[in-house]
Structure formats: structure tokens, C-alpha cells
file work-v7.cif (mmCIF, N, CA and C atoms)
data_model
#
loop_
_atom_site.label_atom_id
_atom_site.label_comp_id
_atom_site.auth_asym_id
_atom_site.auth_seq_id
_atom_site.Cartn_x
_atom_site.Cartn_y
_atom_site.Cartn_z
N MET A 24 -186.36 -28.06 -191.98
CA MET A 24 -185.41 -28.72 -191.10
C MET A 24 -185.43 -30.23 -191.39
N ALA A 25 -184.26 -30.83 -191.48
CA ALA A 25 -184.15 -32.26 -191.78
C ALA A 25 -184.63 -33.09 -190.59
N LYS A 26 -185.31 -34.16 -190.89
CA LYS A 26 -185.80 -35.05 -189.83
C LYS A 26 -184.83 -36.23 -189.63
N ARG A 27 -184.09 -36.58 -190.67
CA ARG A 27 -183.17 -37.72 -190.59
C ARG A 27 -181.90 -37.37 -191.33
N LEU A 28 -180.78 -37.65 -190.72
CA LEU A 28 -179.48 -37.40 -191.34
C LEU A 28 -178.77 -38.74 -191.48
N ILE A 29 -178.34 -39.05 -192.67
CA ILE A 29 -177.55 -40.26 -192.92
C ILE A 29 -176.11 -39.80 -193.13
N PRO A 30 -175.22 -40.12 -192.20
CA PRO A 30 -173.84 -39.68 -192.31
C PRO A 30 -173.15 -40.27 -193.54
N SER A 31 -172.20 -39.54 -194.08
CA SER A 31 -171.45 -40.04 -195.23
C SER A 31 -170.17 -40.72 -194.76
N LEU A 32 -169.67 -41.60 -195.60
CA LEU A 32 -168.42 -42.33 -195.38
C LEU A 32 -168.38 -43.00 -194.01
N ASN A 33 -167.33 -42.72 -193.23
CA ASN A 33 -167.16 -43.42 -191.96
C ASN A 33 -167.59 -42.55 -190.77
N ARG A 34 -168.56 -41.69 -190.98
CA ARG A 34 -169.01 -40.82 -189.91
C ARG A 34 -170.14 -41.46 -189.11
N VAL A 35 -170.23 -41.04 -187.83
CA VAL A 35 -171.21 -41.60 -186.90
C VAL A 35 -171.95 -40.43 -186.24
N LEU A 36 -173.28 -40.47 -186.25
CA LEU A 36 -174.11 -39.46 -185.60
C LEU A 36 -174.52 -39.99 -184.24
N VAL A 37 -174.23 -39.23 -183.17
CA VAL A 37 -174.53 -39.67 -181.81
C VAL A 37 -175.36 -38.63 -181.08
N GLU A 38 -176.12 -39.10 -180.12
CA GLU A 38 -176.87 -38.23 -179.22
C GLU A 38 -176.26 -38.39 -177.84
N LYS A 39 -175.76 -37.30 -177.28
CA LYS A 39 -175.07 -37.35 -176.00
C LYS A 39 -176.05 -37.73 -174.90
N LEU A 40 -175.62 -38.65 -174.03
CA LEU A 40 -176.45 -39.08 -172.91
C LEU A 40 -176.23 -38.14 -171.74
N LEU A 41 -177.32 -37.66 -171.17
CA LEU A 41 -177.23 -36.77 -170.02
C LEU A 41 -176.97 -37.58 -168.77
N GLN A 42 -176.01 -37.12 -167.98
CA GLN A 42 -175.67 -37.80 -166.75
C GLN A 42 -176.66 -37.39 -165.66
N PRO A 43 -176.99 -38.30 -164.76
CA PRO A 43 -177.94 -37.97 -163.70
C PRO A 43 -177.40 -36.89 -162.77
N LYS A 44 -178.29 -36.05 -162.26
CA LYS A 44 -177.91 -34.98 -161.34
C LYS A 44 -177.92 -35.48 -159.90
N LYS A 45 -178.55 -36.65 -159.67
CA LYS A 45 -178.59 -37.26 -158.34
C LYS A 45 -178.06 -38.68 -158.42
N SER A 46 -177.48 -39.13 -157.33
CA SER A 46 -177.03 -40.52 -157.26
C SER A 46 -178.23 -41.40 -156.94
N ALA A 47 -178.03 -42.71 -156.95
CA ALA A 47 -179.11 -43.64 -156.65
C ALA A 47 -179.64 -43.45 -155.24
N GLY A 48 -178.78 -42.98 -154.34
CA GLY A 48 -179.18 -42.74 -152.94
C GLY A 48 -179.81 -41.39 -152.72
N GLY A 49 -179.92 -40.57 -153.77
CA GLY A 49 -180.55 -39.25 -153.64
C GLY A 49 -179.59 -38.12 -153.36
N ILE A 50 -178.30 -38.37 -153.41
CA ILE A 50 -177.31 -37.32 -153.16
C ILE A 50 -177.13 -36.50 -154.43
N LEU A 51 -177.17 -35.18 -154.31
CA LEU A 51 -176.95 -34.30 -155.45
C LEU A 51 -175.49 -34.35 -155.87
N LEU A 52 -175.26 -34.57 -157.15
CA LEU A 52 -173.89 -34.66 -157.67
C LEU A 52 -173.46 -33.29 -158.18
N PRO A 53 -172.24 -32.86 -157.87
CA PRO A 53 -171.77 -31.57 -158.39
C PRO A 53 -171.49 -31.66 -159.88
N GLU A 54 -171.54 -30.52 -160.55
CA GLU A 54 -171.30 -30.47 -162.00
C GLU A 54 -169.88 -30.90 -162.35
N THR A 55 -168.96 -30.73 -161.42
CA THR A 55 -167.56 -31.03 -161.70
C THR A 55 -167.20 -32.49 -161.45
N SER A 56 -168.15 -33.31 -161.01
CA SER A 56 -167.83 -34.72 -160.77
C SER A 56 -167.45 -35.39 -162.09
N LYS A 57 -166.50 -36.29 -162.02
CA LYS A 57 -165.99 -36.94 -163.23
C LYS A 57 -167.00 -37.97 -163.70
N GLN A 58 -167.58 -37.76 -164.87
CA GLN A 58 -168.55 -38.67 -165.45
C GLN A 58 -168.03 -39.15 -166.80
N LEU A 59 -168.52 -40.29 -167.23
CA LEU A 59 -168.17 -40.77 -168.56
C LEU A 59 -168.84 -39.90 -169.61
N ASN A 60 -168.11 -39.58 -170.62
CA ASN A 60 -168.64 -38.79 -171.74
C ASN A 60 -169.21 -39.79 -172.75
N SER A 61 -170.44 -40.22 -172.52
CA SER A 61 -171.02 -41.27 -173.34
C SER A 61 -172.14 -40.74 -174.22
N ALA A 62 -172.43 -41.51 -175.27
CA ALA A 62 -173.48 -41.12 -176.21
C ALA A 62 -174.07 -42.37 -176.84
N LYS A 63 -175.26 -42.21 -177.39
CA LYS A 63 -175.95 -43.30 -178.09
C LYS A 63 -175.83 -43.06 -179.59
N VAL A 64 -175.46 -44.10 -180.33
CA VAL A 64 -175.32 -43.99 -181.78
C VAL A 64 -176.72 -43.93 -182.40
N VAL A 65 -176.96 -42.88 -183.19
CA VAL A 65 -178.25 -42.67 -183.83
C VAL A 65 -178.22 -43.15 -185.28
N ALA A 66 -177.12 -42.88 -185.98
CA ALA A 66 -176.98 -43.28 -187.39
C ALA A 66 -175.52 -43.46 -187.72
N VAL A 67 -175.23 -44.35 -188.67
CA VAL A 67 -173.86 -44.57 -189.13
C VAL A 67 -173.81 -44.49 -190.65
N GLY A 68 -172.68 -44.07 -191.15
CA GLY A 68 -172.48 -44.03 -192.60
C GLY A 68 -172.14 -45.41 -193.12
N PRO A 69 -172.06 -45.57 -194.43
CA PRO A 69 -171.78 -46.88 -195.03
C PRO A 69 -170.35 -47.37 -194.80
N GLY A 70 -169.43 -46.46 -194.54
CA GLY A 70 -168.02 -46.82 -194.38
C GLY A 70 -167.18 -46.10 -195.42
N GLU A 71 -165.89 -46.37 -195.41
CA GLU A 71 -165.03 -45.74 -196.40
C GLU A 71 -164.37 -46.81 -197.26
N ARG A 72 -163.77 -46.40 -198.33
CA ARG A 72 -163.15 -47.33 -199.27
C ARG A 72 -161.64 -47.34 -199.08
N ASP A 73 -161.04 -48.53 -199.22
CA ASP A 73 -159.59 -48.62 -199.17
C ASP A 73 -159.01 -48.26 -200.53
N LYS A 74 -157.71 -48.37 -200.67
CA LYS A 74 -157.07 -47.94 -201.93
C LYS A 74 -157.43 -48.84 -203.11
N ASP A 75 -157.94 -50.04 -202.84
CA ASP A 75 -158.38 -50.93 -203.92
C ASP A 75 -159.86 -50.73 -204.27
N GLY A 76 -160.54 -49.85 -203.54
CA GLY A 76 -161.95 -49.57 -203.81
C GLY A 76 -162.92 -50.45 -203.04
N LYS A 77 -162.41 -51.30 -202.15
CA LYS A 77 -163.29 -52.16 -201.37
C LYS A 77 -163.86 -51.37 -200.19
N LEU A 78 -165.14 -51.59 -199.92
CA LEU A 78 -165.81 -50.88 -198.83
C LEU A 78 -165.43 -51.48 -197.48
N ILE A 79 -164.97 -50.62 -196.57
CA ILE A 79 -164.68 -51.01 -195.19
C ILE A 79 -165.85 -50.50 -194.35
N PRO A 80 -166.76 -51.38 -193.89
CA PRO A 80 -167.94 -50.90 -193.17
C PRO A 80 -167.59 -50.36 -191.78
N VAL A 81 -168.46 -49.52 -191.27
CA VAL A 81 -168.30 -48.97 -189.93
C VAL A 81 -168.58 -50.08 -188.92
N ALA A 82 -167.75 -50.18 -187.88
CA ALA A 82 -167.87 -51.25 -186.89
C ALA A 82 -169.02 -51.01 -185.91
N LEU A 83 -169.50 -49.79 -185.80
CA LEU A 83 -170.58 -49.46 -184.87
C LEU A 83 -171.93 -49.63 -185.55
N LYS A 84 -172.97 -49.79 -184.74
CA LYS A 84 -174.33 -49.88 -185.29
C LYS A 84 -175.25 -48.99 -184.47
N GLU A 85 -176.41 -48.69 -185.02
CA GLU A 85 -177.38 -47.86 -184.32
C GLU A 85 -177.77 -48.50 -183.00
N GLY A 86 -177.86 -47.69 -181.96
CA GLY A 86 -178.22 -48.18 -180.63
C GLY A 86 -177.04 -48.46 -179.73
N ASP A 87 -175.81 -48.54 -180.27
CA ASP A 87 -174.63 -48.76 -179.44
C ASP A 87 -174.41 -47.56 -178.52
N THR A 88 -173.87 -47.82 -177.33
CA THR A 88 -173.46 -46.76 -176.42
C THR A 88 -171.94 -46.65 -176.53
N VAL A 89 -171.45 -45.45 -176.82
CA VAL A 89 -170.03 -45.26 -177.09
C VAL A 89 -169.42 -44.23 -176.14
N LEU A 90 -168.12 -44.30 -176.00
CA LEU A 90 -167.35 -43.36 -175.20
C LEU A 90 -166.73 -42.33 -176.13
N LEU A 91 -166.97 -41.06 -175.83
CA LEU A 91 -166.50 -39.97 -176.70
C LEU A 91 -165.30 -39.26 -176.09
N PRO A 92 -164.48 -38.65 -176.93
CA PRO A 92 -163.41 -37.81 -176.40
C PRO A 92 -164.01 -36.57 -175.76
N GLU A 93 -163.25 -35.93 -174.88
CA GLU A 93 -163.75 -34.74 -174.18
C GLU A 93 -164.09 -33.61 -175.16
N TYR A 94 -163.27 -33.45 -176.18
CA TYR A 94 -163.49 -32.40 -177.17
C TYR A 94 -163.59 -33.03 -178.56
N GLY A 95 -164.22 -32.32 -179.46
CA GLY A 95 -164.29 -32.78 -180.84
C GLY A 95 -165.71 -33.03 -181.28
N GLY A 96 -165.85 -33.45 -182.49
CA GLY A 96 -167.16 -33.68 -183.06
C GLY A 96 -167.76 -32.40 -183.60
N LEU A 97 -168.68 -32.56 -184.51
CA LEU A 97 -169.37 -31.43 -185.12
C LEU A 97 -170.79 -31.40 -184.58
N GLU A 98 -171.19 -30.28 -183.98
CA GLU A 98 -172.55 -30.17 -183.45
C GLU A 98 -173.54 -30.04 -184.59
N VAL A 99 -174.62 -30.83 -184.53
CA VAL A 99 -175.67 -30.82 -185.55
C VAL A 99 -177.00 -30.66 -184.82
N LYS A 100 -177.80 -29.71 -185.24
CA LYS A 100 -179.11 -29.50 -184.63
C LYS A 100 -180.17 -29.89 -185.65
N LEU A 101 -180.87 -31.01 -185.40
CA LEU A 101 -181.87 -31.51 -186.34
C LEU A 101 -183.28 -31.11 -185.93
N ALA A 102 -183.52 -30.97 -184.65
CA ALA A 102 -184.83 -30.56 -184.15
C ALA A 102 -184.60 -29.43 -183.15
N ALA A 103 -185.66 -28.73 -182.80
CA ALA A 103 -185.54 -27.59 -181.91
C ALA A 103 -184.97 -27.96 -180.54
N ASP A 104 -185.28 -29.15 -180.06
CA ASP A 104 -184.88 -29.54 -178.71
C ASP A 104 -183.80 -30.62 -178.66
N LYS A 105 -183.32 -31.08 -179.80
CA LYS A 105 -182.33 -32.16 -179.83
C LYS A 105 -181.03 -31.68 -180.47
N GLU A 106 -179.92 -32.01 -179.81
CA GLU A 106 -178.61 -31.71 -180.37
C GLU A 106 -177.84 -33.01 -180.54
N TYR A 107 -177.18 -33.13 -181.66
CA TYR A 107 -176.42 -34.32 -181.98
C TYR A 107 -174.98 -33.93 -182.26
N LEU A 108 -174.10 -34.92 -182.24
CA LEU A 108 -172.70 -34.72 -182.58
C LEU A 108 -172.34 -35.69 -183.70
N LEU A 109 -171.52 -35.22 -184.63
CA LEU A 109 -171.07 -36.04 -185.75
C LEU A 109 -169.58 -36.27 -185.60
N PHE A 110 -169.17 -37.54 -185.50
CA PHE A 110 -167.77 -37.92 -185.33
C PHE A 110 -167.35 -38.84 -186.46
N ARG A 111 -166.07 -38.87 -186.75
CA ARG A 111 -165.52 -39.91 -187.60
C ARG A 111 -165.38 -41.16 -186.73
N GLU A 112 -165.48 -42.31 -187.35
CA GLU A 112 -165.44 -43.56 -186.58
C GLU A 112 -164.16 -43.68 -185.74
N HIS A 113 -163.02 -43.29 -186.30
CA HIS A 113 -161.76 -43.46 -185.57
C HIS A 113 -161.61 -42.47 -184.42
N ASP A 114 -162.48 -41.45 -184.31
CA ASP A 114 -162.42 -40.50 -183.19
C ASP A 114 -163.14 -41.04 -181.96
N ILE A 115 -164.01 -42.02 -182.12
CA ILE A 115 -164.75 -42.59 -180.99
C ILE A 115 -163.82 -43.53 -180.24
N LEU A 116 -163.79 -43.38 -178.91
CA LEU A 116 -162.80 -44.09 -178.09
C LEU A 116 -163.14 -45.56 -177.88
N GLY A 117 -164.42 -45.91 -177.85
CA GLY A 117 -164.78 -47.30 -177.63
C GLY A 117 -166.27 -47.47 -177.45
N THR A 118 -166.69 -48.72 -177.30
CA THR A 118 -168.09 -49.07 -177.09
C THR A 118 -168.28 -49.48 -175.63
N LEU A 119 -169.33 -48.95 -175.00
CA LEU A 119 -169.63 -49.30 -173.61
C LEU A 119 -170.65 -50.44 -173.62
N LEU A 120 -170.35 -51.51 -172.89
CA LEU A 120 -171.25 -52.66 -172.81
C LEU A 120 -171.88 -52.71 -171.42
N ASP A 121 -173.10 -53.18 -171.35
CA ASP A 121 -173.79 -53.30 -170.05
C ASP A 121 -173.37 -54.57 -169.35
#
call {"tool": "encode", "arguments": {"input": "work-v7.cif", "output": "C-alpha cells"}}
result
Amino acid sequence: MAKRLIPSLNRVLVEKLLQPKKSAGGILLPETSKQLNSAKVVAVGPGERDKDGKLIPVALKEGDTVLLPEYGGLEVKLAADKEYLLFREHDILGTLLD
């Protein structure tokens, strides 16, 4: 089993962030409550090339928190207990800032 995956081209490997089951006040949140579909960037590819052959680097970096679309991405299982998603850079909706 691979321990590290380096995405190719403009792909981004993310680990989905689990949303809390309780609010800060201790109230149990239902599964259907609307939560942000966010993830932490684990690895990024080098980028893709334009028609002139120049490298266009990926705008994201490891450690960024990003907003994901509801559907999409390729599920990747690197360890027995960890699941990751692989997206193209243009499929990621945005970066979440604190």
C-alpha cells in the first residue's frame, strides 16, 4: 500500500474534514443539517502546461482548507483508516480562510 501519493498535473489530493456532531453549546446536530463540504489539501501536483509548453502551477498549497462540490472527485484509499479524494484544481470551489 502506498504511503504517499503525489498527484499528477493539476490534481489536488484532499482529506475531507469531519463536521462536529455537537454544537459548541452541546446540542446534538442532525445529519441533515447544512454543513460546509470542506477538506484539507494533503498534496498538489506540479500543474499543467499551456499550449506553449509553459508550466502553470497549481494555486493551492498543502495545508489549505478548501470548499468542495457536493459530488465529484475520485476516492483514494491510502491507509486502512484514511480516505482521500482526488480533484482537478478547477473542480475545487474555493479556499476557506480563518
call {"tool": "axis_aligned_box", "arguments": {"input": "work-v7.cif", "around": "region 73-85 of chain A", "padding_each_side": "6 Å", "output": "JSON"}}
result
{"center_x": -167.4, "center_y": -50.0, "center_z": -193.6, "size_x": 32.7, "size_y": 16.3, "size_z": 33.3}
call {"tool": "atom_distance", "arguments": {"input": "work-v7.cif", "atom1": "atom C of Leu40 (chain A)", "atom2": "atom C of Ala102 (chain A)"}}
result
16.6 Å
call {"tool": "resolve_selection", "arguments": {"input": "work-v7.cif", "expression": "the PyMOL selection byres ((chain A and resi 37) around 5)", "output": "PyMOL selection string"}}
result
chain A and resi 35-36+38-39+63-65+107-108
call {"tool": "closest_residue", "arguments": {"input": "work-v7.cif", "among": "A:Leu120, A:Leu97, A:Val89, A:Leu28", "to": "Asn60 (chain A)", "atoms": "only C-alpha atoms"}}
result
A:Val89
call {"tool": "resolve_selection", "arguments": {"input": "work-v7.cif", "expression": "the PyMOL selection byres (((chain A and resi 34 and name CA) around 7) and name CA)", "output": "CSV table (one decimal) with N, CA and C atoms, in the coordinates of the input"}}
result
chain,number,residue,atom,x,y,z
A,30,PRO,N,-175.2,-40.1,-192.2
A,30,PRO,CA,-173.8,-39.7,-192.3
A,30,PRO,C,-173.2,-40.3,-193.5
A,31,SER,N,-172.2,-39.5,-194.1
A,31,SER,CA,-171.4,-40.0,-195.2
A,31,SER,C,-170.2,-40.7,-194.8
A,32,LEU,N,-169.7,-41.6,-195.6
A,32,LEU,CA,-168.4,-42.3,-195.4
A,32,LEU,C,-168.4,-43.0,-194.0
A,33,ASN,N,-167.3,-42.7,-193.2
A,33,ASN,CA,-167.2,-43.4,-192.0
A,33,ASN,C,-167.6,-42.6,-190.8
A,35,VAL,N,-170.2,-41.0,-187.8
A,35,VAL,CA,-171.2,-41.6,-186.9
A,35,VAL,C,-172.0,-40.4,-186.2
A,36,LEU,N,-173.3,-40.5,-186.2
A,36,LEU,CA,-174.1,-39.5,-185.6
A,36,LEU,C,-174.5,-40.0,-184.2
A,67,VAL,N,-175.2,-44.4,-188.7
A,67,VAL,CA,-173.9,-44.6,-189.1
A,67,VAL,C,-173.8,-44.5,-190.6
A,68,GLY,N,-172.7,-44.1,-191.2
A,68,GLY,CA,-172.5,-44.0,-192.6
A,68,GLY,C,-172.1,-45.4,-193.1
A,109,LEU,N,-171.5,-35.2,-184.6
A,109,LEU,CA,-171.1,-36.0,-185.8
A,109,LEU,C,-169.6,-36.3,-185.6
A,110,PHE,N,-169.2,-37.5,-185.5
A,110,PHE,CA,-167.8,-37.9,-185.3
A,110,PHE,C,-167.4,-38.8,-186.5
A,111,ARG,N,-166.1,-38.9,-186.8
A,111,ARG,CA,-165.5,-39.9,-187.6
A,111,ARG,C,-165.4,-41.2,-186.7
A,112,GLU,N,-165.5,-42.3,-187.4
A,112,GLU,CA,-165.4,-43.6,-186.6
A,112,GLU,C,-164.2,-43.7,-185.7
call {"tool": "atom_distance", "arguments": {"input": "work-v7.cif", "atom1": "CA of Glu85 (chain A)", "atom2": "CA of Asp73 (chain A)"}}
result
23.2 Å
call {"tool": "atom_distance", "arguments": {"input": "work-v7.cif", "atom1": "CA of Lys77 (chain A)", "atom2": "atom N of Gly117 (chain A)"}}
result
24.4 Å
call {"tool": "residues_around", "arguments": {"input": "work-v7.cif", "residues": "Thr118 (chain A)", "least_positions_apart": "6", "cutoff": "8 Å", "atoms": "only C-alpha atoms", "output": "list in words"}}
result
Asp87, Thr88, Val89 and Leu90 of chain A
call {"tool": "closest_residue", "arguments": {"input": "work-v7.cif", "among": "A:Leu91, A:Leu78, A:Ile115, A:Leu83", "to": "Ala62 (chain A)", "atoms": "all atoms listed in the file"}}
result
A:Leu91
call {"tool": "closest_residue", "arguments": {"input": "work-v7.cif", "among": "A:Glu106, A:Pro69, A:Asp114, A:Leu119", "to": "Val81 (chain A)", "atoms": "only N, CA and C atoms"}}
result
A:Pro69
call {"tool": "closest_residue", "arguments": {"input": "work-v7.cif", "among": "A:Arg27, A:Leu41, A:Ala66, A:Asp104", "to": "Gly86 (chain A)", "atoms": "all atoms listed in the file"}}
result
A:Ala66
